[in-house]
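Below: the structure, in structure tokens.
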Amino acid sequence: MDATVTHALSELRYALDTFYILMSGALVMWMAAGFSMLEAGLVRAKNTTEILTKNVTLYAVACIMYMLVGYHIMYASPAGGWWPSFGLMVGSEHTAADLAREGGPTFSKMADFFFQVVFVATSMSIISGAVAERMKLWAFLIFALVMTGFIYPVQGFWHWGGGFLKTLGFVDFAGSGMVHLTGASAALAAVLLLGARSSKYSKSGHINPLPGANLPLATLGTLILWLGWFGFNGGSQLSVSSVNAANTVALVLVNTNMSAAAGLLAALIVSRVLFGKADLTMVLNGALAGLVAITAAPDTPPMWMAVMIGSVAGVLVVFAILVLDKMLIDDPVGAISVHGVSGVWGLLAVPLSNPAASFSHQFIGISVIFAWVFGTSFVVWAALKYTIGIRVSREDEEYGLDLSECGLEAYPEFSANK
Amino acid sequence: MDATVTHALSELRYALDTFYILMSGALVMWMAAGFSMLEAGLVRAKNTTEILTKNVTLYAVACIMYMLVGYHIMYASPAGGWWPSFGLMVGSEHTAADLAREGGPTFSKMADFFFQVVFVATSMSIISGAVAERMKLWAFLIFALVMTGFIYPVQGFWHWGGGFLKTLGFVDFAGSGMVHLTGASAALAAVLLLGARSSKYSKSGHINPLPGANLPLATLGTLILWLGWFGFNGGSQLSVSSVNAANTVALVLVNTNMSAAAGLLAALIVSRVLFGKADLTMVLNGALAGLVAITAAPDTPPMWMAVMIGSVAGVLVVFAILVLDKMLIDDPVGAISVHGVSGVWGLLAVPLSNPAASFSHQFIGISVIFAWVFGTSFVVWAALKYTIGIRVSREDEEYGLDLSECGLEAYPEFSANK
Amino acid sequence: MDATVTHALSELRYALDTFYILMSGALVMWMAAGFSMLEAGLVRAKNTTEILTKNVTLYAVACIMYMLVGYHIMYASPAGGWWPSFGLMVGSEHTAADLAREGGPTFSKMADFFFQVVFVATSMSIISGAVAERMKLWAFLIFALVMTGFIYPVQGFWHWGGGFLKTLGFVDFAGSGMVHLTGASAALAAVLLLGARSSKYSKSGHINPLPGANLPLATLGTLILWLGWFGFNGGSQLSVSSVNAANTVALVLVNTNMSAAAGLLAALIVSRVLFGKADLTMVLNGALAGLVAITAAPDTPPMWMAVMIGSVAGVLVVFAILVLDKMLIDDPVGAISVHGVSGVWGLLAVPLSNPAASFSHQFIGISVIFAWVFGTSFVVWAALKYTIGIRVSREDEEYGLDLSECGLEAYPEFSANK
């Protein structure tokens, strides 16, 4: 083939792949709206403004911190290593001349940064739901600085950045572990130090339901996340410009969709059996659990296996939510169950469809991620707790965080508080 | 042209078309959020959780049933036939080698499945609005199994799967008939067997308005559907990788947008004249009517004709809603008028811009679709009615389906019921 | 290179660029939902249906008027001129043969129309927020006819259509001036003629806060706008099919995202310092200000400079909102500050990163846009004021525009008015 034709074809592939990564990244950014609506729908009216503020602000913090240090830590560190190099900023864009190199770039570096940065925000969003209705806004935001600038990128480097988990053979296609378990591990550390909402568990052990104020918003949030996940998983193939890559991306989207559908139905059936009702919040969490579980390997199972993976996740998540409540671990939106338990299940299920993965390596990866993120997070949360404090006063909790933290009610004309 | 260059170009076209189908499918999936918000906004607060549950669950049911049997019925059946073959699952993906074949595939089979499956869900979503506020959740879900696994795919095979309506020359580009009239026909059968909401029509014939609880959600739902329709109609060209295909896709998006805009304005003017007010729900239904009507042929009319088609649809839908109410056919969200009446109008308007279509063939297509879907649906709904029942008790209807079916209120802190 | 190969590659680039423009246009259309939700969230419950009606209707009006006359004025007028030619309709689509011409088209004309028409709607949406809660619906819609069919296209022609501002060297990549300052200028003219809401400023000069009814909707609207802006700015490059174009689009998305994030954080910090609270509405306006400011030149600054531009915009917008309030200029959603002040700042910042721009030319462009749009708008609003009137009666304002203009409450079951 003529060299100019070869180059023209490479240019077109670079352009198509860049565009595909950017559209995928835009869909993942949209997940910020998904988490915002989901969490705003599942908390009580008096804490809604605060959780919205938390969600939009953490997204912004993630963008800035990842630009400053996170991306460098994650992608400029030594191959196969376990300790990252430090430095600042993202580096320069590829040129047309770079394409001619053997193993040269196949899409824009800025597009890659865009796609990666929205993942960091996703991981951080998971935490805000678990600590809802009682954590101080500013303590949360300080934690966000450390999480998005340091804790997340270090474990990200270990696998996606080419560090020791990559070398080991740990497989996590789009982040059941690197994103979802990471978020859930940091959330668990926070909840253990923070304690339950004051009205959640009575002294006699009774669990007091504190229903969310706006279920249409929670449903909207779930459907936004579902849509965004097509970018999250679909974009993680990082290429669409060949027949094989395009086929894989298509399979990834189909499996993602199927696992979510199966998780939804499984949670519906389980909640119907357990409670006698079609509990919408369980149904939504079932869909999300299916999405989290398939994220570790949406590219290898056939469709029916994606249905199985999602179904198991949908069952697990209902029981996980019930068990955490029994253990008096108060997670208002079920984030630890959805992202932690399903994330672990998804990682363990990878060897079922991907012969390159092994159960033992998956187990090591899970342990490393959990140990690192839970451990470092616990230290940071504890440092915050014993300095500026992480919990609002009992009085602020009772009157709602919206007034104490934001000075604005979310629904000033509707709220039953009036 | 060099064979390797030819193949490389085919690969790139396959990749681009696959990506385009996937993005279009993602936009159609997003329509599930549109229907959820539209319907949640137009019912009363006490029935909101239930309609949300119905909407997300029917999407999941559609995915599973279409994977198991529907797709096979629709696309593996004999060309020109009227009776489908039965079988399971979707079949295997295309390979790079397949591209070399004369008439070989031009995009991924998994992408095709993804695009088709979201259409089935759309059709089913239409029904949930019409039966809102009084139907049993589980009866609805059982119907969804039959509709998405059998009723829809059979008529889908007749046209899009290459069956006898295709051979006949019936034209329905993206589904004014195959999706929207289909949904409306099944909805009409349901409503006739179900009866009106108990407080809708007084014995003296007075029509009691039961206003929706949340018009911002209804507006959001309409705008989500409008956006999703760019995927629905735009993706139905099934190719974007040549100048002609790209031009057609562009025309399709422009016409879709113009017809919606025209339908909106027509409904606004008609409702201003009839009621003296700018009735937002009519305005939204006008936009949706324009979208449904243009769907039969967004690829052939010039822009001004799309404006005409949408305008007529916007006028028709207002009168259709009023006439159905006079006939005591209670459709809380106007689904039968929007998707049925506008769907028929759109199909009949195809010959105006497409010389390949004829009025008589369009009429036959409409009759076949309506007879099949209304007939089979009526049988299934009747079977459900006289076994498990399709209507909730008078008491459950009064207190709201949210408590009886889901055990959760949608707005526990706001509702006037408190 | 073989002529057939050259042509095949041109076709593929044309297809890819057309698809990219269409997806970008779809994202910009989605901004209509963003403005609808943002404004619906920031007004009081009793004026919500009306502002939703205004938002969806203005979108439709923009589509029809721009098709009829606006696009022709903007793109069929003499190069370098200041007075447009008049005429109707969009013109015919490009053919495959046109591609062979030197300087021939690189994407579909219909796709271009689609992308342009949604920009007009965006500009018009800005106005509806500023005049909320007191303007007559029909006066607003008549203004929309003139704005979208004439006022906007004339200034659009001056720069994007190749008129005298283009020749002069004024630089506005995606419309900080052409879209946002334009909308804000027309809004300012309206507000000056319309006056403040009757309960906003007491005679003693006290500023009465009138908090928005639904902050989750306002947050959702902001995040929708943020997502849509990736199409707004990303699509304005008008090409993605080469390495350089793809890299630029990637940089545009990254800078857009970074400027929004920085604006958000800056507004958060300023409002924390000024008010002692994390004021969510200021935070959202900070993000929007960052988006508006970067829009003039998202393609040239490095990431850190986009952060600076956004930060300044976030600070400016908080003070602008406070200053306008002190001047008794009542803008319920902060539209004039977000789109006008930030738009001007963004235009003035272009020379910092783009050597082709100069401060003096930017200043001339700003002056021309403001003078034209403010002047013509003032005349039209004044003509409306002294004929049909632009302000609702005091009584209608008190009971809410929803009942007087639309005959429907937005939240009939929740509102505190009950």
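Ordered as shown in the structure tokens, chains take letters A, B, and onward, while each chain numbers its residues from 1 and ligands are numbered from 1 in the order shown.
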Show me which bits of chain B are within 7 Å of chain C, counting only C-alpha atoms, as a VMD selection string.
-> chain B and resid 1 213 to 216 220 223 227 240 to 243 246 to 247 250 to 251 254 258 261 to 262 264 to 265 277 to 280 414 to 416
Could you name the residues that touch stretch 180-192 of chain A at 9 Å or less, counting only C-alpha atoms, but leaving out those on the same chain fewer than 4 positions away, as a ChimeraX atom specification?
-> /A:122-131,147,152,155,175-176,196,292,329-331,335-344,366,369-379,381-382
Atom CA of C:Thr300 to atom CA of C:His361, straight-line distance in Å =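 Distance reported for this atom pair: 17.4 Å.
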Length of the atom CA of C:Lys385 to atom CA of C:Val120 vector [Å] | 23.8 Å
Tell me which protein, DNA and RNA residues are within 8 Å of stretch 312-316 of chain A, counting only C-alpha atoms, leaving out same-chain ones fewer than 5 positions away, and put them as number ranges by chain.
-> A: 262-267, 270, 285-287, 289-290, 293, 341-342, 345-346
Atomic distance atom CA of C:His72 - atom CA of C:Lys166, expressed in Å with one decimal |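 Atom-to-atom, atom CA of C:His72 and atom CA of C:Lys166 are spaced 17.6 Å apart.
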May I ask which of the residues B:Pro78, B:Gly334, B:Gly161, B:Gly400 is the closest one to B:Met282, counting only C-alpha atoms?
->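 With only C-alpha atoms as the atom set, the closest residue is B:Gly334.
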Residue nearest C:Trp304 - candidates A:Gly365, A:Gly91, A:Val323, A:Phe35, atoms counted: only C-alpha atoms | A:Gly91
